[in-house]
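See below for protein05.cif, which holds mmCIF, C-alpha atoms.
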data_input
loop_
_atom_site.label_atom_id
_atom_site.label_comp_id
_atom_site.auth_asym_id
_atom_site.auth_seq_id
_atom_site.Cartn_x
_atom_site.Cartn_y
_atom_site.Cartn_z
CA MET A 1 -14.14 -18.67 -9.67
CA SER A 2 -14.05 -18.23 -5.92
CA ASP A 3 -12.23 -15.60 -3.95
CA THR A 4 -9.77 -16.49 -1.20
CA TRP A 5 -10.19 -17.15 2.52
CA ASN A 6 -10.43 -13.47 3.43
CA ASP A 7 -6.72 -12.93 3.01
CA GLU A 8 -5.17 -16.34 2.40
CA PRO A 9 -5.00 -17.02 -1.38
CA PRO A 10 -4.54 -20.57 -2.62
CA ALA A 11 -1.19 -21.64 -4.00
CA THR A 12 -0.35 -20.61 -7.56
CA PRO A 13 2.82 -20.87 -9.62
CA PRO A 14 5.61 -19.16 -7.65
CA THR A 15 7.87 -16.44 -8.94
CA THR A 16 11.63 -16.53 -8.49
CA ASP A 17 14.35 -14.14 -7.43
CA THR A 18 15.02 -13.39 -11.10
CA ASP A 19 11.36 -13.08 -11.98
CA PRO A 20 10.01 -10.22 -9.87
CA CYS A 21 7.96 -8.37 -12.45
CA VAL A 22 5.31 -10.64 -13.95
CA ALA A 23 2.36 -9.27 -15.89
CA TRP A 24 -0.99 -10.95 -15.55
CA GLY A 25 -3.87 -10.84 -18.01
CA ALA A 26 -6.56 -12.87 -19.69
CA GLU A 27 -4.75 -13.35 -22.99
CA HIS A 28 -1.07 -14.26 -23.19
CA PRO A 29 1.19 -16.38 -25.39
CA ALA A 30 1.29 -20.01 -24.36
CA ALA A 31 5.06 -20.16 -24.14
CA PRO A 32 7.41 -18.07 -21.96
CA ARG A 33 9.04 -15.11 -23.67
CA PRO A 34 11.52 -12.43 -22.64
CA HIS A 35 9.73 -9.67 -20.76
CA PRO A 36 10.39 -6.16 -22.17
CA HIS A 37 11.31 -4.95 -18.69
CA ALA A 38 13.37 -7.96 -17.64
CA PRO A 39 16.11 -7.13 -15.14
CA ASN A 40 19.77 -7.45 -15.97
CA ILE A 41 21.32 -8.16 -12.61
CA ALA A 42 25.07 -8.14 -12.47
CA PRO A 43 26.58 -10.66 -10.02
CA ALA A 44 29.31 -9.33 -7.77
CA GLY A 45 32.55 -9.03 -9.71
CA GLY A 46 31.08 -10.48 -12.89
CA ALA A 47 29.35 -9.63 -16.13
CA PRO A 48 25.60 -8.91 -16.24
CA ALA A 49 23.45 -12.00 -16.23
CA PRO A 50 21.32 -12.67 -19.33
CA PRO A 51 17.69 -11.56 -19.10
CA PRO A 52 15.44 -14.30 -17.69
CA ALA A 53 12.45 -15.74 -19.49
CA TRP A 54 9.19 -14.35 -18.16
CA THR A 55 6.32 -16.72 -17.70
CA LEU A 56 2.90 -15.15 -18.18
CA PRO A 57 0.34 -17.16 -16.19
CA GLN A 58 -3.09 -17.72 -17.69
CA TRP A 59 -5.98 -16.28 -15.70
CA GLU A 60 -9.68 -16.67 -16.25
CA ALA A 61 -11.17 -13.99 -18.45
CA ASN A 62 -14.29 -13.67 -16.34
CA GLY A 63 -14.68 -13.06 -12.63
CA LEU A 64 -12.18 -11.97 -10.01
CA PRO A 65 -8.87 -13.79 -10.64
CA THR A 66 -7.12 -15.47 -7.75
CA PRO A 67 -4.03 -13.34 -7.08
CA PRO A 68 -0.59 -14.94 -7.38
CA PRO A 69 1.40 -15.64 -4.22
CA VAL A 70 3.50 -12.84 -2.82
CA THR A 71 7.11 -13.80 -2.39
CA ARG A 72 9.76 -11.89 -0.51
CA PRO A 73 10.78 -8.63 -2.17
CA VAL A 74 13.42 -8.92 -4.86
CA ILE A 75 15.74 -6.35 -6.42
CA THR A 76 15.59 -5.65 -10.12
CA ARG A 77 17.79 -3.33 -12.13
CA LYS A 78 15.96 -0.93 -14.41
CA GLY A 79 17.37 -0.06 -17.82
CA ARG A 80 18.40 3.42 -16.74
CA GLY A 81 20.52 2.02 -13.89
CA THR A 82 17.96 2.58 -11.14
CA ARG A 83 17.24 -0.44 -8.98
CA VAL A 84 13.80 -0.90 -7.55
CA LEU A 85 12.84 -3.03 -4.58
CA ALA A 86 9.64 -4.55 -5.86
CA GLY A 87 7.21 -7.16 -4.60
CA THR A 88 4.61 -8.88 -6.77
CA LEU A 89 1.63 -7.29 -5.01
CA ALA A 90 -1.74 -7.98 -6.64
CA VAL A 91 -4.66 -5.56 -6.95
CA ALA A 92 -7.92 -7.38 -6.37
CA GLY A 93 -10.14 -7.18 -9.42
CA LEU A 94 -7.59 -5.42 -11.65
CA LEU A 95 -5.27 -8.19 -12.76
CA GLY A 96 -7.19 -8.72 -15.97
CA ALA A 97 -5.62 -5.50 -17.25
CA GLY A 98 -2.25 -7.22 -17.37
CA PHE A 99 -0.42 -5.11 -14.78
CA VAL A 100 1.27 -5.66 -11.45
CA THR A 101 1.53 -3.39 -8.44
CA ARG A 102 4.99 -2.66 -7.18
CA GLY A 103 6.55 -1.28 -4.05
CA LEU A 104 8.12 2.10 -4.57
CA VAL A 105 11.54 1.87 -2.97
CA ASP A 106 14.43 3.28 -4.97
CA ASP A 107 17.66 1.61 -3.91
CA THR A 108 19.96 3.76 -6.03
CA PRO A 109 22.67 5.10 -3.67
CA ALA A 110 21.94 8.71 -2.69
CA THR A 111 24.94 11.00 -2.35
CA SER A 112 23.00 13.59 -0.34
CA VAL A 113 22.54 11.27 2.65
CA VAL A 114 25.64 10.58 4.70
CA ALA A 115 25.47 7.46 6.84
CA GLY A 116 26.65 8.00 10.38
CA SER A 117 26.30 11.77 10.34
CA THR A 118 25.93 13.41 13.73
CA PRO A 119 22.27 14.10 14.64
CA GLN A 120 21.52 17.79 14.93
CA ALA A 121 18.52 20.04 15.37
CA VAL A 122 16.19 20.69 12.48
CA THR A 123 15.59 24.41 12.13
CA VAL A 124 12.36 24.71 10.14
CA ALA A 125 9.04 26.36 10.86
CA ASP A 126 6.51 24.82 13.23
CA PRO A 127 3.65 24.10 12.83
CA THR A 128 2.70 23.35 9.24
CA PRO A 129 0.38 26.13 8.05
CA LEU A 130 -3.03 25.28 6.67
CA VAL A 131 -3.47 26.24 3.02
CA GLU A 132 -6.44 28.52 2.29
CA ASP A 133 -9.14 27.21 -0.03
CA ASP A 134 -8.85 30.23 -2.30
CA ALA A 135 -5.10 29.97 -2.89
CA ASP A 136 -4.22 31.13 -6.42
CA GLU A 137 -1.69 28.32 -6.81
CA PRO A 138 -2.98 25.52 -4.54
CA VAL A 139 -0.34 22.95 -5.50
CA SER A 140 2.46 25.44 -4.87
CA ALA A 141 0.88 26.45 -1.58
CA VAL A 142 0.60 22.82 -0.47
CA ALA A 143 4.23 22.15 -1.43
CA GLU A 144 5.43 25.15 0.56
CA ALA A 145 3.40 24.22 3.62
CA LEU A 146 3.92 20.45 3.62
CA GLY A 147 7.45 20.15 2.21
CA PRO A 148 9.34 20.68 5.49
CA SER A 149 7.51 17.75 7.12
CA VAL A 150 8.33 15.29 4.30
CA VAL A 151 11.69 13.52 4.57
CA LYS A 152 13.89 11.16 2.61
CA ILE A 153 14.67 7.85 4.34
CA GLN A 154 17.87 5.98 3.50
CA THR A 155 18.58 2.37 4.45
CA GLY A 156 21.36 -0.01 3.53
CA ASP A 157 19.14 -1.44 0.79
CA GLY A 158 17.59 1.67 -0.73
CA LEU A 159 15.66 4.83 -0.07
CA GLY A 160 12.11 6.04 0.29
CA SER A 161 10.19 8.84 1.92
CA GLY A 162 8.46 9.61 5.21
CA VAL A 163 6.21 12.15 6.93
CA VAL A 164 6.82 13.74 10.35
CA TYR A 165 3.45 13.36 12.07
CA ASP A 166 4.24 13.94 15.76
CA GLU A 167 6.33 16.51 17.61
CA ALA A 168 8.05 13.68 19.51
CA GLY A 169 10.06 13.03 16.33
CA LEU A 170 7.80 10.28 15.00
CA ILE A 171 7.84 9.68 11.25
CA LEU A 172 5.36 7.62 9.24
CA THR A 173 6.66 5.57 6.33
CA ASN A 174 6.14 2.18 4.67
CA ALA A 175 7.18 -1.17 6.10
CA HIS A 176 8.78 -2.03 2.77
CA VAL A 177 10.89 1.14 2.97
CA VAL A 178 12.60 0.24 6.26
CA GLY A 179 12.63 -3.50 5.58
CA SER A 180 14.55 -5.29 8.33
CA SER A 181 16.61 -2.23 9.31
CA ALA A 182 16.84 -1.30 12.99
CA THR A 183 18.00 2.23 12.20
CA VAL A 184 17.75 4.48 9.14
CA GLN A 185 19.11 7.83 8.01
CA VAL A 186 16.62 10.69 7.62
CA LEU A 187 17.26 13.70 5.40
CA PHE A 188 15.12 16.78 6.09
CA SER A 189 14.16 19.48 3.62
CA ASP A 190 16.80 21.90 4.97
CA GLY A 191 19.58 19.38 4.29
CA THR A 192 19.92 18.17 7.87
CA THR A 193 20.59 14.45 8.30
CA MET A 194 19.65 12.48 11.42
CA SER A 195 19.75 8.88 12.51
CA ALA A 196 16.38 7.37 13.41
CA GLU A 197 15.28 4.23 15.23
CA VAL A 198 12.70 1.92 13.67
CA LEU A 199 10.01 1.55 16.34
CA GLY A 200 7.89 -1.02 14.56
CA THR A 201 6.43 -2.24 11.27
CA ASP A 202 3.09 -3.65 10.13
CA GLU A 203 3.68 -5.52 6.87
CA ALA A 204 0.01 -6.34 6.33
CA ASN A 205 -0.83 -2.64 6.02
CA ASP A 206 2.67 -1.57 4.85
CA ILE A 207 3.15 0.93 7.68
CA ALA A 208 6.25 1.62 9.77
CA VAL A 209 7.23 4.24 12.33
CA VAL A 210 10.72 5.64 12.87
CA GLN A 211 11.81 8.19 15.45
CA VAL A 212 14.59 10.78 15.44
CA GLU A 213 16.25 11.77 18.72
CA SER A 214 16.40 15.54 18.23
CA THR A 215 13.00 17.24 17.96
CA ASP A 216 14.07 20.89 18.01
CA GLY A 217 12.21 22.82 15.32
CA LEU A 218 10.54 19.80 13.71
CA THR A 219 7.75 20.61 11.28
CA VAL A 220 4.79 18.34 11.96
CA ALA A 221 2.38 17.61 9.11
CA ARG A 222 -1.32 18.17 9.51
CA LEU A 223 -3.32 14.96 9.16
CA ALA A 224 -6.74 15.17 7.53
CA ASP A 225 -9.79 14.56 9.72
CA GLU A 226 -12.21 14.15 6.83
CA PRO A 227 -12.09 11.14 4.49
CA ALA A 228 -10.80 11.70 0.97
CA ARG A 229 -13.32 12.24 -1.82
CA VAL A 230 -13.15 11.05 -5.41
CA GLY A 231 -12.10 13.86 -7.73
CA GLN A 232 -10.51 16.11 -5.12
CA LEU A 233 -7.04 17.56 -5.64
CA ALA A 234 -4.21 15.22 -4.59
CA VAL A 235 -0.63 16.44 -4.15
CA ALA A 236 2.21 13.92 -3.68
CA VAL A 237 5.47 14.95 -2.01
CA GLY A 238 8.42 12.56 -1.74
CA SER A 239 11.77 11.43 -3.12
CA PRO A 240 11.23 9.58 -6.42
CA PHE A 241 14.55 8.17 -7.65
CA GLY A 242 16.20 10.00 -4.73
CA LEU A 243 15.06 13.44 -5.89
CA GLU A 244 13.93 14.78 -2.52
CA GLN A 245 11.09 17.34 -2.22
CA THR A 246 9.61 16.35 -5.58
CA VAL A 247 6.02 17.57 -5.92
CA THR A 248 3.42 16.10 -8.31
CA SER A 249 -0.33 16.54 -8.45
CA GLY A 250 -3.50 14.92 -9.72
CA VAL A 251 -6.78 13.87 -8.21
CA VAL A 252 -8.10 11.15 -5.94
CA SER A 253 -9.20 8.59 -8.52
CA ALA A 254 -10.97 6.18 -6.15
CA VAL A 255 -11.36 5.51 -2.44
CA ASN A 256 -11.39 2.22 -0.57
CA ARG A 257 -9.91 0.39 -3.56
CA PRO A 258 -9.23 -3.27 -2.60
CA VAL A 259 -5.50 -3.94 -2.93
CA GLN A 260 -3.71 -7.13 -1.87
CA GLY A 261 -0.43 -6.48 -0.12
CA ALA A 262 2.75 -8.29 0.81
CA THR A 263 1.10 -10.61 3.35
CA ASN A 264 -1.92 -11.39 1.13
CA ASP A 265 -4.15 -9.16 3.28
CA VAL A 266 -6.54 -7.03 1.25
CA VAL A 267 -6.46 -3.36 2.25
CA GLY A 268 -8.75 -0.53 1.17
CA MET A 269 -6.53 2.16 -0.38
CA LEU A 270 -6.81 5.57 -2.00
CA GLN A 271 -6.14 5.50 -5.72
CA THR A 272 -4.58 8.57 -7.35
CA ASP A 273 -3.24 9.66 -10.71
CA ALA A 274 -0.72 12.03 -9.09
CA PRO A 275 2.58 10.70 -10.51
CA ILE A 276 4.46 8.59 -7.96
CA ASN A 277 7.54 6.51 -8.68
CA PRO A 278 10.19 4.40 -6.90
CA GLY A 279 11.36 6.45 -3.91
CA ASN A 280 7.91 7.99 -3.29
CA SER A 281 7.03 5.16 -0.89
CA GLY A 282 6.19 6.46 2.57
CA GLY A 283 5.73 10.01 1.34
CA ALA A 284 2.66 12.20 1.64
CA LEU A 285 -0.47 12.40 -0.43
CA ALA A 286 -2.20 15.63 0.57
CA ASN A 287 -5.40 17.56 -0.12
CA ARG A 288 -5.58 21.19 -1.23
CA GLN A 289 -5.42 22.38 2.40
CA GLY A 290 -2.02 20.71 2.79
CA GLU A 291 -3.42 18.00 5.07
CA VAL A 292 -2.08 14.47 4.61
CA ILE A 293 -4.81 12.15 3.35
CA GLY A 294 -2.63 9.11 2.68
CA ILE A 295 0.82 7.53 2.76
CA ASN A 296 1.97 6.58 -0.74
CA SER A 297 2.70 2.87 -0.98
CA MET A 298 2.60 1.30 -4.46
CA ILE A 299 1.74 1.69 -8.12
CA PHE A 300 -0.08 -0.35 -10.72
CA SER A 301 2.27 -0.67 -13.69
CA GLU A 302 3.80 -2.90 -16.35
CA SER A 303 7.18 -1.22 -16.11
CA GLY A 304 7.44 -0.50 -12.38
CA GLU A 305 7.25 3.23 -13.05
CA ASN A 306 4.32 5.62 -12.98
CA ASN A 307 1.37 4.91 -15.26
CA GLY A 308 -1.05 7.21 -13.46
CA ILE A 309 -2.41 4.58 -11.07
CA GLY A 310 -0.94 4.86 -7.59
CA PHE A 311 -2.14 3.74 -4.18
CA ALA A 312 -1.87 5.31 -0.74
CA ILE A 313 -2.84 4.01 2.69
CA PRO A 314 -5.62 6.25 4.08
CA ILE A 315 -4.22 8.44 6.81
CA ASP A 316 -6.77 7.45 9.46
CA ARG A 317 -5.78 3.80 9.06
CA ALA A 318 -2.07 4.68 8.92
CA LYS A 319 -2.30 6.77 12.10
CA GLU A 320 -4.23 4.03 13.95
CA ILE A 321 -1.55 1.50 13.05
CA ALA A 322 1.26 3.92 13.91
CA ASP A 323 -0.19 4.57 17.37
CA ALA A 324 -0.34 0.83 18.01
CA LEU A 325 3.26 0.33 16.87
CA VAL A 326 4.55 3.19 19.04
CA GLY A 327 2.73 1.64 22.00
CA GLY A 328 4.48 -1.68 21.38
CA GLY A 329 1.38 -3.41 20.09
CA THR A 330 0.02 -4.66 16.79
CA VAL A 331 -3.14 -4.17 14.78
CA ASP A 332 -5.02 -7.44 14.40
CA ARG A 333 -7.56 -7.92 11.62
CA GLY A 334 -10.95 -9.53 12.00
CA TYR A 335 -11.49 -12.85 10.22
CA LEU A 336 -14.78 -14.12 8.84
CA GLY A 337 -13.65 -17.40 7.29
CA VAL A 338 -15.42 -17.54 3.94
CA SER A 339 -14.48 -17.84 0.30
CA SER A 340 -16.65 -15.76 -2.03
CA THR A 341 -17.48 -15.30 -5.69
CA THR A 342 -19.48 -12.95 -7.89
CA PRO A 343 -23.20 -13.62 -7.34
CA THR A 344 -24.61 -15.86 -10.08
CA SER A 345 -27.88 -13.89 -9.86
CA GLY A 346 -26.17 -10.77 -11.13
CA GLU A 347 -26.88 -8.89 -7.90
CA ALA A 348 -24.31 -6.70 -6.18
CA GLY A 349 -22.55 -8.40 -3.30
CA ALA A 350 -20.27 -11.33 -2.48
CA GLU A 351 -21.74 -14.82 -2.79
CA ILE A 352 -20.33 -17.33 -0.30
CA ALA A 353 -18.70 -20.22 -2.15
CA GLN A 354 -17.20 -21.97 0.90
CA VAL A 355 -17.38 -21.66 4.67
CA LEU A 356 -14.33 -22.66 6.67
CA PRO A 357 -15.35 -25.22 9.32
CA GLY A 358 -15.10 -23.82 12.83
CA SER A 359 -14.74 -20.23 11.60
CA ALA A 360 -16.73 -17.23 12.77
CA ALA A 361 -18.97 -17.54 9.71
CA ASP A 362 -19.60 -21.24 10.39
CA GLU A 363 -20.48 -20.66 14.03
CA ALA A 364 -22.86 -17.82 13.10
CA GLY A 365 -24.70 -19.96 10.56
CA LEU A 366 -23.65 -18.38 7.27
CA GLN A 367 -24.11 -20.80 4.39
CA VAL A 368 -22.80 -21.47 0.91
CA GLY A 369 -24.99 -19.54 -1.53
CA ASP A 370 -25.68 -16.64 0.86
CA VAL A 371 -25.04 -13.29 -0.82
CA ILE A 372 -23.47 -10.80 1.58
CA VAL A 373 -24.73 -7.31 0.71
CA ALA A 374 -23.62 -5.30 3.77
CA VAL A 375 -21.53 -5.50 6.94
CA ASP A 376 -22.56 -3.11 9.72
CA GLU A 377 -24.52 -1.15 7.09
CA SER A 378 -21.42 -0.74 4.89
CA PRO A 379 -22.47 -1.87 1.39
CA ILE A 380 -20.70 -4.87 -0.11
CA LYS A 381 -20.82 -4.37 -3.87
CA ALA A 382 -18.20 -6.93 -4.87
CA GLN A 383 -15.84 -9.56 -3.48
CA GLY A 384 -13.01 -7.16 -2.72
CA ASP A 385 -15.32 -4.99 -0.60
CA LEU A 386 -15.96 -7.90 1.76
CA ALA A 387 -12.27 -8.49 2.53
CA VAL A 388 -11.62 -4.75 2.99
CA THR A 389 -14.59 -4.22 5.29
CA ILE A 390 -13.94 -7.27 7.47
CA GLY A 391 -10.28 -6.25 7.74
CA THR A 392 -11.20 -2.93 9.35
CA HIS A 393 -12.71 -4.76 12.32
CA GLU A 394 -10.87 -6.49 15.15
CA PRO A 395 -11.02 -10.12 16.30
CA GLY A 396 -13.81 -10.63 18.83
CA GLU A 397 -15.80 -7.68 17.47
CA PRO A 398 -19.48 -8.36 16.70
CA VAL A 399 -20.74 -7.29 13.27
CA SER A 400 -24.13 -7.40 11.58
CA VAL A 401 -23.94 -9.23 8.26
CA GLU A 402 -26.82 -8.54 5.86
CA ILE A 403 -27.42 -11.36 3.40
CA LEU A 404 -29.81 -12.59 0.75
CA ARG A 405 -30.69 -16.27 1.20
CA ASP A 406 -32.86 -17.81 -1.49
CA GLY A 407 -33.96 -14.29 -2.36
CA ALA A 408 -34.99 -13.39 1.20
CA ALA A 409 -33.19 -10.61 3.10
CA MET A 410 -31.96 -11.37 6.61
CA THR A 411 -29.35 -10.17 9.10
CA ILE A 412 -26.97 -12.48 10.96
CA GLU A 413 -24.85 -11.40 13.92
CA VAL A 414 -21.26 -12.62 13.67
CA THR A 415 -18.46 -12.36 16.22
CA LEU A 416 -15.31 -12.14 14.13
CA GLY A 417 -12.40 -14.48 14.72
CA ALA A 418 -8.66 -14.03 14.28
CA LYS A 419 -6.51 -15.20 11.40
#

Please re-express this file's structure in structure tokens.
Amino acid sequence: MSDTWNDEPPATPPTTDTDPCVAWGAEHPAAPRPHPHAPNIAPAGGAPAPPPAWTLPQWEANGLPTPPPVTRPVITRKGRGTRVLAGTLAVAGLLGAGFVTRGLVDDTPATSVVAGSTPQAVTVADPTPLVEDDADEPVSAVAEALGPSVVKIQTGDGLGSGVVYDEAGLILTNAHVVGSSATVQVLFSDGTTMSAEVLGTDEANDIAVVQVESTDGLTVARLADEPARVGQLAVAVGSPFGLEQTVTSGVVSAVNRPVQGATNDVVGMLQTDAPINPGNSGGALANRQGEVIGINSMIFSESGENNGIGFAIPIDRAKEIADALVGGGTVDRGYLGVSSTTPTSGEAGAEIAQVLPGSAADEAGLQVGDVIVAVDESPIKAQGDLAVTIGTHEPGEPVSVEILRDGAAMTIEVTLGAK
């Protein structure tokens, strides 16, 4: 089964506004059945609607499944009364487990955030201290150091989290947290509430930047310079279910995990088992020194709540996108123009199944049957790696693509195109 055109999956059965949480797997009943986590949405002024029937699409048991289309986010009501703004976001290579990834916005009204409150100075320490490696209680030390720079973000549709990353009052969060809002309310750890302007959003990478007017006493988070490592301590700080300054911990479970987001673009994310839930979106994932290594974005779950598999946008990528948004620009992704599949030879890599006519791959001479094993010396072990790696480059950028053609190794220079 072939992969998609970099980040443009083929059409598959659509979901509906009452069917936001669909589980995918290799073995399902043939007929629709009520989903155990079906929403019960009450129309305005009326009784709750009956639970919808949940259709479980059939996917191939072998190979990378083609992800379902991503529709606009929809609101579902959880059994405990918490509503979650969730998109059907697919994780490349993981759908066979029968889960879906979900955005982590909690839209339960929060009484601690008062819309329209007068902006005032934030009186907390500056700068964020760096936690020592030999701290007796590293998680506690990280929480104490990082907490003042993590905020709750309230919109008209829900709430999430954010991280102050610049002394000019700039706050990193998720695009799905701010949605279409032009302004949001920001609650700091000392209880101060401020209005903030949304400077820009990048839906492909799920990053947004908001800015508060008053910068007096802001605590600015430290951003990690070194890439995250598998197995290292990971501490999440955010506002799950509106509970601001909630701290959880775990480890970095994987790095550069291919995850398909709201615009069908595949992004390399950090995977963690630190518990994150609706409302954690946009909050910090930090290392034991208290440095932010990622911005929490989504989870992999049947229920929409934590199952120990969460995803965060690596901080270097998030900061690059944020800088572009603040400057009024955008971050464009390179485009190769191939569809790929698992190599029939059993080798590691991505075997080209189709080449889009007129694409960068076509012009460079890549052919069906070529197995891509590296791009600019970055190993390509599977299909998802190819989309992630190409997406980190810009249109017009030349890259060296290492391939196996009829068993012979060769390198082809490709100038990437634009989507």

Which one is closest to A:Glu244: A:Ser297, A:Ser161, A:Ser359, A:Ser195? Count all atoms listed in the file.
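Of the candidates, the smallest distance to A:Glu244 is held by A:Ser161.
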
I need the residue nearest A:Asn287 from this list: A:Leu233, A:Ile403, A:Leu187, A:Val388. Use all atoms listed in the file for the distance.
A:Leu233

Which residues, written as a ChimeraX atom specification, have at least one atom at most 10 Å from A:Gly162, with only C-alpha atoms counted and residues fewer than 2 positions away on the same chain left out?
/A:149-153,160,164-165,170-174,177,186-188,208-210,237-239,280-284,295-296

Expansion of the PyMOL selection byres ((chain A and resi 416) around 9) into residues, as a ChimeraX atom specification:
/A:334-337,359-361,390,393-399,414-415,417-418

Using only C-alpha atoms, give me every residue within 9 Å of (9.8, -0.3, 7.9) in file coordinates, as a PyMOL selection string.
chain A and resi 173-182+198-203+206-210

Picked residues, the PyMOL selection byres ((chain A and resi 406) around 12), expected as a list in words
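So the PyMOL selection byres ((chain A and resi 406) around 12), applied here, picks out Ser345, Glu351, Gln367, Val368, Gly369, Asp370, Val371, Ile403, Leu404, Arg405, Gly407, Ala408, Ala409 and Met410 of chain A.
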
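Between atom CA of A:Asn205 and atom CA of A:Gln185 the interatomic distance comes to 22.6 Å.
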
Please check which residues have atoms at most 12 Å from (-12.4, 0.0, 10.4) in the file's coordinates, counting only C-alpha atoms, and write them as a PyMOL selection string.
chain A and resi 256+267-268+314+316-318+320-321+331-334+375-376+378+387-395+397+399

Interatomic distance (Å, one decimal) between atom CA of A:Gly217 and atom CA of A:Leu325
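For atom CA of A:Gly217 relative to atom CA of A:Leu325, the distance reads 24.3 Å.
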
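Atom pair atom CA of A:Asp323 / atom CA of A:Pro148 has a distance of 22.2 Å (rounded to one decimal).
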
From the list A:Gly147, A:Pro275, A:Gly290, A:Gly261, which residue is nearest A:Val131 when using only C-alpha atoms?
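Using only C-alpha atoms, the shortest distance to A:Val131 belongs to A:Gly290.
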
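With all atoms listed in the file as the atoms that count, the minimum distance from A:Ile352 to the choices A:Val326, A:Leu386, A:Ala204, A:Ala145 is reached by A:Leu386.
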
With all atoms listed in the file as the counted atoms, please give the residues lying no more than 7 Å from A:Gln354, apart from itself and same-chain residues fewer than 6 positions off, as a list of chain:residue names.
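With the cut-off at 7 Å, the set is A:Val338, A:Ser339, A:Ser340, A:Val368.
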
Generate a file of the selected residues that holds C-alpha atoms, formatted as a tab-separated table (two decimals), in the coordinates of the input.
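Contents of again13.tsv, freshly written:
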chain	number	residue	atom	x	y	z
A	338	VAL	CA	-15.42	-17.54	3.94
A	339	SER	CA	-14.48	-17.84	0.30
A	340	SER	CA	-16.65	-15.76	-2.03
A	368	VAL	CA	-22.80	-21.47	0.91

Please identify all polymer residues within 10 Å of A:Glu377, counting all atoms listed in the file, omitting same-chain residues fewer than 6 positions from it, and present them as a list in words.
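So, after excluding close chain neighbours, the residues are Val399, Ser400, Val401 and Glu402 of chain A.
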
Nearest residue to A:Glu167 out of A:Asp216, A:Glu137, A:Glu144, A:Glu197, using only C-alpha atoms?
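Of all the options, A:Asp216 lies closest to A:Glu167.
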
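For the residues A:Thr219, A:Ser214, A:Thr341, A:Thr155, ranking by smallest atom-to-atom distance to A:Lys381 using all atoms listed in the file places A:Thr341 first.
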
Missing atoms in stretch 238-251 of chain A need filling: write out N, CA and C atoms for it as an mmCIF file, in the coordinates of the input.
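In the end it all went to rebuild30.cif:
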data_model
loop_
_atom_site.group_PDB
_atom_site.id
_atom_site.type_symbol
_atom_site.label_atom_id
_atom_site.label_comp_id
_atom_site.auth_asym_id
_atom_site.auth_seq_id
_atom_site.Cartn_x
_atom_site.Cartn_y
_atom_site.Cartn_z
ATOM 1 N N GLY A 238 7.523 13.641 -2.128
ATOM 2 C CA GLY A 238 8.420 12.560 -1.740
ATOM 3 C C GLY A 238 9.737 12.631 -2.463
ATOM 4 N N SER A 239 10.414 11.487 -2.552
ATOM 5 C CA SER A 239 11.770 11.430 -3.120
ATOM 6 C C SER A 239 11.867 10.391 -4.234
ATOM 7 N N PRO A 240 11.119 10.552 -5.327
ATOM 8 C CA PRO A 240 11.230 9.580 -6.420
ATOM 9 C C PRO A 240 12.636 9.564 -6.996
ATOM 10 N N PHE A 241 13.200 8.351 -7.136
ATOM 11 C CA PHE A 241 14.550 8.170 -7.650
ATOM 12 C C PHE A 241 15.575 8.993 -6.860
ATOM 13 N N GLY A 242 15.278 9.257 -5.576
ATOM 14 C CA GLY A 242 16.200 10.000 -4.730
ATOM 15 C C GLY A 242 16.112 11.501 -4.871
ATOM 16 N N LEU A 243 15.193 11.998 -5.679
ATOM 17 C CA LEU A 243 15.060 13.440 -5.890
ATOM 18 C C LEU A 243 14.131 14.012 -4.818
ATOM 19 N N GLU A 244 14.721 14.350 -3.663
ATOM 20 C CA GLU A 244 13.930 14.780 -2.520
ATOM 21 C C GLU A 244 13.126 16.051 -2.822
ATOM 22 N N GLN A 245 11.989 16.186 -2.099
ATOM 23 C CA GLN A 245 11.090 17.340 -2.220
ATOM 24 C C GLN A 245 10.503 17.472 -3.631
ATOM 25 N N THR A 246 10.289 16.336 -4.281
ATOM 26 C CA THR A 246 9.610 16.350 -5.580
ATOM 27 C C THR A 246 8.101 16.441 -5.350
ATOM 28 N N VAL A 247 7.458 17.340 -6.070
ATOM 29 C CA VAL A 247 6.020 17.570 -5.920
ATOM 30 C C VAL A 247 5.311 17.218 -7.230
ATOM 31 N N THR A 248 4.265 16.416 -7.158
ATOM 32 C CA THR A 248 3.420 16.100 -8.310
ATOM 33 C C THR A 248 1.971 16.238 -7.867
ATOM 34 N N SER A 249 1.075 16.361 -8.821
ATOM 35 C CA SER A 249 -0.330 16.540 -8.450
ATOM 36 C C SER A 249 -1.248 15.798 -9.406
ATOM 37 N N GLY A 250 -2.452 15.572 -8.943
ATOM 38 C CA GLY A 250 -3.500 14.920 -9.720
ATOM 39 C C GLY A 250 -4.776 14.995 -8.923
ATOM 40 N N VAL A 251 -5.543 13.932 -8.973
ATOM 41 C CA VAL A 251 -6.780 13.870 -8.210
ATOM 42 C C VAL A 251 -6.855 12.538 -7.480
#
